[in-house]
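Chemist: Compact mmCIF, C-alpha atoms, saved as target.txt, coming up:
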# COMPACT_ATOMS: atom_id res chain seq x y z
CA MET G 1 29.37 30.68 5.32
CA ASP G 2 25.82 31.58 4.30
CA GLU G 3 23.64 32.36 7.35
CA VAL G 4 20.93 29.89 6.34
CA LEU G 5 23.48 27.14 5.81
CA LEU G 6 25.14 27.96 9.12
CA ARG G 7 21.82 27.91 11.01
CA TYR G 8 21.10 24.33 9.98
CA SER G 9 24.69 23.13 9.64
CA ARG G 10 24.58 20.78 12.62
CA GLN G 11 21.75 18.76 11.13
CA ILE G 12 22.86 19.04 7.49
CA VAL G 13 26.17 17.34 8.38
CA LEU G 14 24.33 14.39 9.91
CA GLU G 15 24.86 11.16 8.01
CA GLY G 16 21.79 10.49 5.88
CA PHE G 17 20.36 14.00 6.38
CA GLY G 18 22.19 16.49 4.22
CA HIS G 19 20.78 19.23 2.01
CA LYS G 20 18.09 16.89 0.64
CA ALA G 21 16.36 16.44 3.99
CA GLN G 22 16.77 20.12 4.82
CA LYS G 23 15.05 21.04 1.55
CA LYS G 24 12.16 18.73 2.42
CA LEU G 25 11.78 20.47 5.76
CA LYS G 26 11.75 23.88 4.12
CA GLU G 27 8.99 22.75 1.76
CA ALA G 28 6.98 21.02 4.48
CA LYS G 29 3.78 22.26 6.11
CA ILE G 30 3.17 20.93 9.60
CA LEU G 31 0.20 21.72 11.82
CA VAL G 32 0.51 21.59 15.60
CA ALA G 33 -2.92 21.40 17.24
CA GLY G 34 -2.44 22.81 20.70
CA ALA G 35 0.14 25.35 21.89
CA GLY G 36 0.33 24.09 25.45
CA GLY G 37 2.51 21.59 27.27
CA LEU G 38 3.01 19.25 24.32
CA GLY G 39 2.77 21.89 21.63
CA SER G 40 5.38 24.22 23.14
CA PRO G 41 8.43 21.96 22.66
CA ALA G 42 7.07 20.59 19.37
CA LEU G 43 6.63 24.09 17.93
CA LEU G 44 10.04 25.30 19.10
CA TYR G 45 11.90 22.34 17.66
CA LEU G 46 10.03 22.47 14.35
CA ALA G 47 10.89 26.16 14.07
CA ALA G 48 14.52 25.54 15.00
CA ALA G 49 14.81 22.70 12.48
CA GLY G 50 13.66 24.92 9.62
CA VAL G 51 10.20 23.58 8.81
CA GLY G 52 9.07 26.08 6.18
CA THR G 53 5.42 26.46 7.21
CA ILE G 54 4.11 25.77 10.68
CA GLY G 55 0.48 26.03 11.69
CA ILE G 56 -0.55 26.70 15.28
CA ALA G 57 -4.14 25.86 16.22
CA ASP G 58 -5.29 26.95 19.67
CA PHE G 59 -8.26 29.07 20.75
CA ASP G 60 -7.16 29.51 24.35
CA THR G 61 -5.36 32.27 26.25
CA VAL G 62 -2.33 31.93 28.52
CA ALA G 63 -3.12 31.34 32.20
CA LEU G 64 -0.83 31.32 35.22
CA SER G 65 -1.47 27.61 35.80
CA ASN G 66 -0.07 26.86 32.32
CA LEU G 67 3.41 28.09 33.07
CA ASN G 68 4.82 25.01 34.81
CA ARG G 69 4.89 23.20 31.47
CA GLN G 70 3.94 25.47 28.55
CA THR G 71 7.42 26.81 27.93
CA LEU G 72 6.54 28.96 24.91
CA HIS G 73 4.63 31.30 27.21
CA PHE G 74 6.04 33.64 29.84
CA THR G 75 4.50 35.43 32.81
CA GLU G 76 3.99 38.61 30.79
CA ASP G 77 1.94 36.60 28.26
CA ILE G 78 -0.85 35.84 30.73
CA GLY G 79 -4.14 36.78 29.09
CA ARG G 80 -2.72 36.77 25.56
CA LYS G 81 -3.85 34.39 22.84
CA LYS G 82 -1.60 31.35 22.85
CA VAL G 83 -1.21 31.40 19.07
CA GLN G 84 0.16 34.94 19.23
CA SER G 85 2.40 34.30 22.23
CA ALA G 86 3.80 31.14 20.61
CA SER G 87 4.36 32.65 17.19
CA ASP G 88 6.22 35.62 18.68
CA LYS G 89 8.78 33.31 20.30
CA MET G 90 9.11 31.14 17.21
CA ILE G 91 9.80 34.10 14.93
CA LYS G 92 12.45 35.37 17.34
CA LEU G 93 14.08 31.95 17.17
CA ASN G 94 13.82 31.61 13.39
CA PRO G 95 12.59 34.60 11.35
CA ASP G 96 12.81 32.61 8.09
CA ILE G 97 9.79 30.39 8.74
CA LYS G 98 6.14 31.05 7.92
CA ILE G 99 3.56 30.72 10.68
CA HIS G 100 -0.17 30.35 10.21
CA ARG G 101 -2.22 31.12 13.30
CA HIS G 102 -5.57 29.37 13.77
CA SER G 103 -7.14 30.96 16.84
CA GLU G 104 -10.58 29.43 16.34
CA ARG G 105 -11.70 26.36 18.27
CA ILE G 106 -11.17 23.06 16.45
CA CYS G 107 -14.68 21.75 16.00
CA ILE G 108 -16.66 19.81 13.43
CA ASP G 109 -17.22 23.02 11.43
CA THR G 110 -13.55 24.09 11.30
CA VAL G 111 -11.39 20.98 11.48
CA GLU G 112 -11.30 20.10 7.78
CA GLU G 113 -10.49 23.65 6.70
CA ILE G 114 -7.66 23.81 9.24
CA VAL G 115 -6.14 20.39 8.51
CA GLU G 116 -6.37 20.20 4.72
CA GLY G 117 -3.56 22.69 4.04
CA TYR G 118 -0.88 20.69 5.86
CA ASP G 119 1.27 17.64 5.13
CA VAL G 120 1.49 16.32 8.69
CA VAL G 121 -0.49 16.99 11.87
CA ILE G 122 0.80 16.86 15.44
CA ASP G 123 -1.97 16.33 17.96
CA ALA G 124 -0.89 18.21 21.08
CA THR G 125 -4.40 18.73 22.43
CA ASP G 126 -5.56 17.84 25.92
CA ASN G 127 -9.09 16.50 25.45
CA PHE G 128 -10.74 13.47 23.89
CA SER G 129 -13.32 15.43 21.90
CA THR G 130 -10.71 17.24 19.82
CA ARG G 131 -8.45 14.18 19.63
CA TYR G 132 -11.12 11.99 18.02
CA LEU G 133 -12.17 14.78 15.69
CA LEU G 134 -8.61 15.46 14.54
CA SER G 135 -7.70 11.81 14.19
CA ASP G 136 -10.83 10.97 12.20
CA CYS G 137 -10.36 14.02 9.98
CA CYS G 138 -6.75 13.06 9.24
CA TYR G 139 -7.91 9.57 8.28
CA TYR G 140 -10.47 10.92 5.84
CA LEU G 141 -8.02 13.46 4.37
CA LYS G 142 -5.15 10.90 4.36
CA LYS G 143 -2.86 13.05 6.49
CA PRO G 144 -0.27 11.45 8.79
CA ILE G 145 -0.91 12.39 12.41
CA ILE G 146 1.34 12.13 15.45
CA GLU G 147 -0.68 11.39 18.59
CA GLY G 148 0.81 12.32 21.95
CA ALA G 149 -0.64 12.60 25.43
CA ALA G 150 0.68 13.17 28.95
CA ALA G 151 -0.85 13.11 32.41
CA GLY G 152 0.65 12.86 35.84
CA TYR G 153 4.08 11.27 35.45
CA ASP G 154 3.25 9.33 32.27
CA GLY G 155 3.28 9.94 28.54
CA ILE G 156 2.25 8.03 25.42
CA ILE G 157 2.84 8.52 21.71
CA MET G 158 1.98 6.85 18.39
CA THR G 159 2.31 7.79 14.73
CA ILE G 160 -0.56 7.09 12.36
CA ILE G 161 -0.23 6.79 8.58
CA PRO G 162 -3.77 6.43 7.16
CA ASP G 163 -4.50 3.06 5.46
CA LYS G 164 -0.99 1.82 6.28
CA THR G 165 -0.89 1.67 10.07
CA PRO G 166 -3.39 1.20 12.90
CA CYS G 167 -5.47 4.31 13.51
CA TYR G 168 -6.38 5.91 16.83
CA ARG G 169 -9.69 4.04 16.92
CA CYS G 170 -7.88 0.72 16.49
CA LEU G 171 -6.58 1.42 20.01
CA TYR G 172 -9.56 3.32 21.41
CA PRO G 173 -12.63 2.49 19.27
CA MET G 174 -14.91 4.87 21.14
CA PRO G 175 -14.35 7.72 23.63
CA PRO G 176 -14.75 7.14 27.38
CA GLU G 177 -18.02 7.80 29.12
CA ASP G 178 -18.62 11.02 31.02
CA GLY G 179 -16.91 11.26 34.39
CA VAL G 180 -14.54 8.32 33.83
CA MET G 181 -11.31 10.02 32.81
CA PRO G 182 -9.73 12.54 35.19
CA SER G 183 -8.76 15.99 33.95
CA CYS G 184 -5.26 17.46 34.03
CA SER G 185 -6.29 19.64 36.98
CA ASP G 186 -7.37 16.46 38.77
CA THR G 187 -4.29 14.27 38.23
CA GLY G 188 -1.75 17.05 37.81
CA ILE G 189 1.13 17.05 35.31
CA LEU G 190 4.90 17.28 35.63
CA GLY G 191 6.09 19.74 33.02
CA MET G 192 9.12 17.73 31.94
CA VAL G 193 6.85 14.85 30.84
CA THR G 194 5.09 17.08 28.32
CA GLY G 195 8.50 18.36 27.23
CA ILE G 196 9.71 14.85 26.46
CA ILE G 197 6.56 13.70 24.67
CA GLY G 198 6.18 16.95 22.71
CA SER G 199 9.81 16.76 21.58
CA ILE G 200 9.29 13.19 20.35
CA GLU G 201 6.18 14.31 18.47
CA ALA G 202 8.30 16.89 16.62
CA LEU G 203 10.91 14.22 15.90
CA GLU G 204 8.26 11.89 14.49
CA ALA G 205 6.90 14.64 12.23
CA ILE G 206 10.41 15.36 10.92
CA LYS G 207 10.94 11.66 10.19
CA VAL G 208 7.62 11.48 8.33
CA VAL G 209 8.57 14.50 6.21
CA THR G 210 12.16 13.46 5.46
CA GLY G 211 11.73 9.68 5.32
CA LEU G 212 14.59 9.23 7.79
CA GLY G 213 14.65 6.32 10.20
CA GLU G 214 11.59 4.48 11.50
CA THR G 215 8.53 6.16 12.94
CA ILE G 216 6.50 4.99 15.91
CA SER G 217 3.88 3.50 13.62
CA GLY G 218 2.36 0.11 14.27
CA ARG G 219 3.48 0.45 17.89
CA ILE G 220 2.89 2.54 21.00
CA LEU G 221 5.66 4.21 22.97
CA THR G 222 5.08 4.95 26.65
CA PHE G 223 7.17 6.92 29.12
CA ASP G 224 7.23 6.63 32.92
CA ALA G 225 8.92 9.65 34.47
CA LEU G 226 9.24 8.14 37.96
CA SER G 227 11.32 5.22 36.69
CA THR G 228 12.70 7.11 33.67
CA GLU G 229 11.74 4.16 31.48
CA PHE G 230 10.38 3.86 27.97
CA ASP G 231 8.33 0.85 26.88
CA GLN G 232 6.89 0.00 23.49
CA PHE G 233 4.11 -2.29 22.40
CA GLU G 234 3.14 -3.52 18.95
CA LEU G 235 -0.28 -2.46 17.73
CA GLN G 236 -2.02 -4.31 14.92
CA LYS G 237 -4.74 -2.95 12.69
CA ASN G 238 -8.10 -3.89 14.15
CA GLU G 239 -10.32 -5.49 11.54
CA TYR G 240 -13.31 -4.49 13.67
CA CYS G 241 -12.18 -0.87 13.98
CA PRO G 242 -15.19 1.43 13.55
CA LEU G 243 -13.13 3.78 11.36
CA CYS G 244 -10.60 1.81 9.28
CA GLY G 245 -11.88 -1.76 9.74
CA LYS G 246 -13.56 -4.01 7.20
CA ASN G 247 -17.06 -2.79 8.07
CA PRO G 248 -16.68 0.76 9.39
CA THR G 249 -19.53 2.27 11.37
CA VAL G 250 -17.97 5.74 11.67
CA LYS G 251 -18.39 7.11 8.16
CA GLU G 252 -18.30 10.84 8.79
CA LEU G 253 -16.89 13.28 11.29
CA VAL G 254 -18.40 13.07 14.75
CA GLU G 255 -17.95 15.62 17.54
CA TYR G 256 -18.28 14.08 20.98
CA THR G 257 -19.05 15.90 24.20
CA ILE G 258 -17.07 14.22 26.97
CA LYS G 259 -17.00 15.46 30.55
CA CYS G 260 -13.92 14.66 32.62
CA LYS G 261 -13.94 13.72 36.28
CA THR G 262 -12.82 16.70 38.35
CA LYS G 263 -12.14 17.53 41.95
CA ASP G 264 -11.33 20.65 43.92
CA ILE G 265 -7.69 21.36 44.69
CA GLU G 266 -6.52 23.02 47.89
CA LEU G 267 -3.41 25.18 47.55
Using the file provided, produce a representation of the structure as C-alpha cells.
Modeler:
Amino acid sequence: MDEVLLRYSRQIVLEGFGHKAQKKLKEAKILVAGAGGLGSPALLYLAAAGVGTIGIADFDTVALSNLNRQTLHFTEDIGRKKVQSASDKMIKLNPDIKIHRHSERICIDTVEEIVEGYDVVIDATDNFSTRYLLSDCCYYLKKPIIEGAAAGYDGIIMTIIPDKTPCYRCLYPMPPEDGVMPSCSDTGILGMVTGIIGSIEALEAIKVVTGLGETISGRILTFDALSTEFDQFELQKNEYCPLCGKNPTVKELVEYTIKCKTKDIEL
C-alpha cells in the first residue's frame, strides 16, 4: 500500500470521509494563532490528519512554566521560539505537510497579512487584545474562525462563520475593563483542559474544511473538568452587535490594551 494512503487510511475508511475529504484537507490552509496550551494539540492533530498547509503564529519563547500544558514543547526547548519548537515536532510527525512560521506579534499592523493567506483560523491565543483583533479581522476578511479558551478547570469553544453565524462580539460586544479578568498565572490552568479544548478546535476546523457533520456554530460549548461535563447553549445573532449588527459601530480594526488582574504566587 502507498505510504501516503497508509498514513491516512484510518480516516479515509470512515463512512462519509473517504478520499474526497482527504483531498480537501491536503488542499486546505489553516492558521493556528498561538502555539501554547490550546495550539499544541490543535497543531499536532492538524498535522497528523494531513492538512496540507499549516500556519503557526506565535512571537513567544518556551518557558518552564509552559510545560504542564504546552505539549509540543519539551524541556530542552526552553528559550527557543515556539514556532520553531512546534514546527520541528510537526515535521517529525508528518514530513509531507507545509508549515508557515509567523514569529511576529499579532497586532493591528500584522494581523491582516497573517490571516489573509488561510482558509480557516483557529484562535488559540490567551489574551483578549489578540482575540478581538483576530476575530474582527476574520469577520472583515470573511474567514471562518474557531474560538477556544481555557482557564482553571473550565473551557469554552464556538465556531464563527462570518455573516452566517453569531460573531464573537455578539457574545462579548466589548472587551472587559482593566483589572477585571484574572490572568492564567492568577487562576492557574489544568493542562488536560487545554488539551481537550484545543483538540476540539482542530476537529471544528476539519469539519469546516471538509463539510462533514455539524460545527459548533450558533451555539457555545463549555467543558467543566471537575464534573467531566459538557454543556451547550444556543447563541443568536445580536442585532445590536457592534460588529455584525444592523448598525455597526466597529467599522475597522481596533487594538485594545487590556490589563489582567494578577497576584503573586508562592511556590
Chemist: Using all atoms listed in the file, which of the listed residues (G:Ala49, G:Cys138, G:Leu133, G:Ile114) sits closest to Ile97 (chain G)?
Modeler: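 So, comparing all the options, the nearest one is G:Ala49.
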Chemist: Quick one, how far is CA of Leu38 (chain G) from CA of Phe17 (chain G)?
Modeler: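 For CA of Leu38 (chain G) relative to CA of Phe17 (chain G), the distance reads 25.5 Å.
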Chemist: In Å, with one decimal, what is the gap from CA of Gln236 (chain G) to CA of Arg219 (chain G)?
Modeler: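 Atom-to-atom, CA of Gln236 (chain G) to CA of Arg219 (chain G), that is 7.9 Å.
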Chemist: Please return as number ranges by chain every residue within 12 Å of (7.1, 12.2, 19.9), taking into account all atoms listed in the file and the file's own coordinates.
Modeler: G: 38-39, 41-42, 45, 122-124, 145-150, 155-160, 193-208, 215-217, 220-223
Chemist: Smallest atom-to-atom distance to Lys24 (chain G): which of G:Lys142, G:Val254, G:Leu212, G:Asp77, using all atoms listed in the file?
Modeler: G:Leu212
Chemist: Which residues are close to Met90 (chain G), i.e. within 7 Å by all atoms listed in the file, leaving aside same-chain residues fewer than 4 positions away? Reply as a PyMOL selection string.
Modeler: chain G and resi 44+47+86+94
Chemist: Using only C-alpha atoms, pick whichever of G:Leu6, G:Cys244, G:Ile258, G:Leu190 has the shortest atom-to-atom distance to Gly152 (chain G).
Modeler: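 Closest to Gly152 (chain G), using only C-alpha atoms: G:Leu190.
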Chemist: What's the separation between CA of Asp224 (chain G) and CA of Ile30 (chain G), in Å to one decimal place?
Modeler: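 Computed distance, CA of Asp224 (chain G) to CA of Ile30 (chain G), equals 27.7 Å.
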Chemist: Counting only C-alpha atoms, figure out which residue out of G:Leu253, G:Leu14, G:Val32, G:Leu5 gets nearest to Asp136 (chain G).
Modeler: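 Closest candidate: G:Leu253.
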Chemist: Which residues are near Leu134 (chain G)? Cut-off 9 Å, all atoms listed in the file, ignore same chain within fewer than 3 positions. Put them as a list in words.
Modeler: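 My reading of the contact set: Ala33, Ile106, Cys107, Val111, Glu112, Val115, Val121, Asp123, Ser129, Thr130, Arg131, Cys137, Cys138, Tyr139 and Ile145 of chain G.
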Chemist: Within 12 Å of Thr61 (chain G), counting only C-alpha atoms, which residues show up once you throw out same-chain ones fewer than 3 positions away? Write them as a list of chain:residue names, please.
Modeler: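 Here the answer would be G:Gly34, G:Ala35, G:Gly36, G:Ala57, G:Asp58, G:Leu64, G:Ser65, G:Asn66, G:Leu67, G:Gln70, G:His73, G:Asp77, G:Ile78, G:Gly79, G:Arg80, G:Lys81, G:Lys82, G:Val83, G:Gln84, G:Ser85, G:Ala86, G:Ser103, G:Glu104, G:Arg105.
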Chemist: Contacts of Lys98 (chain G) at 7 Å or less, counting only C-alpha atoms, minus same-chain residues fewer than 4 places along, as number ranges by chain?
Modeler: G: 52-54
Chemist: With 4 Å on each side, where is the centre of the axis-aligned box around all listed atoms of region 52-55 of chain G, and how long are its edges in Å to one decimal, as lines of an AutoDock Vina configuration file?
Modeler:
center_x = 4.8
center_y = 26.1
center_z = 8.9
size_x = 16.6
size_y = 8.7
size_z = 13.5
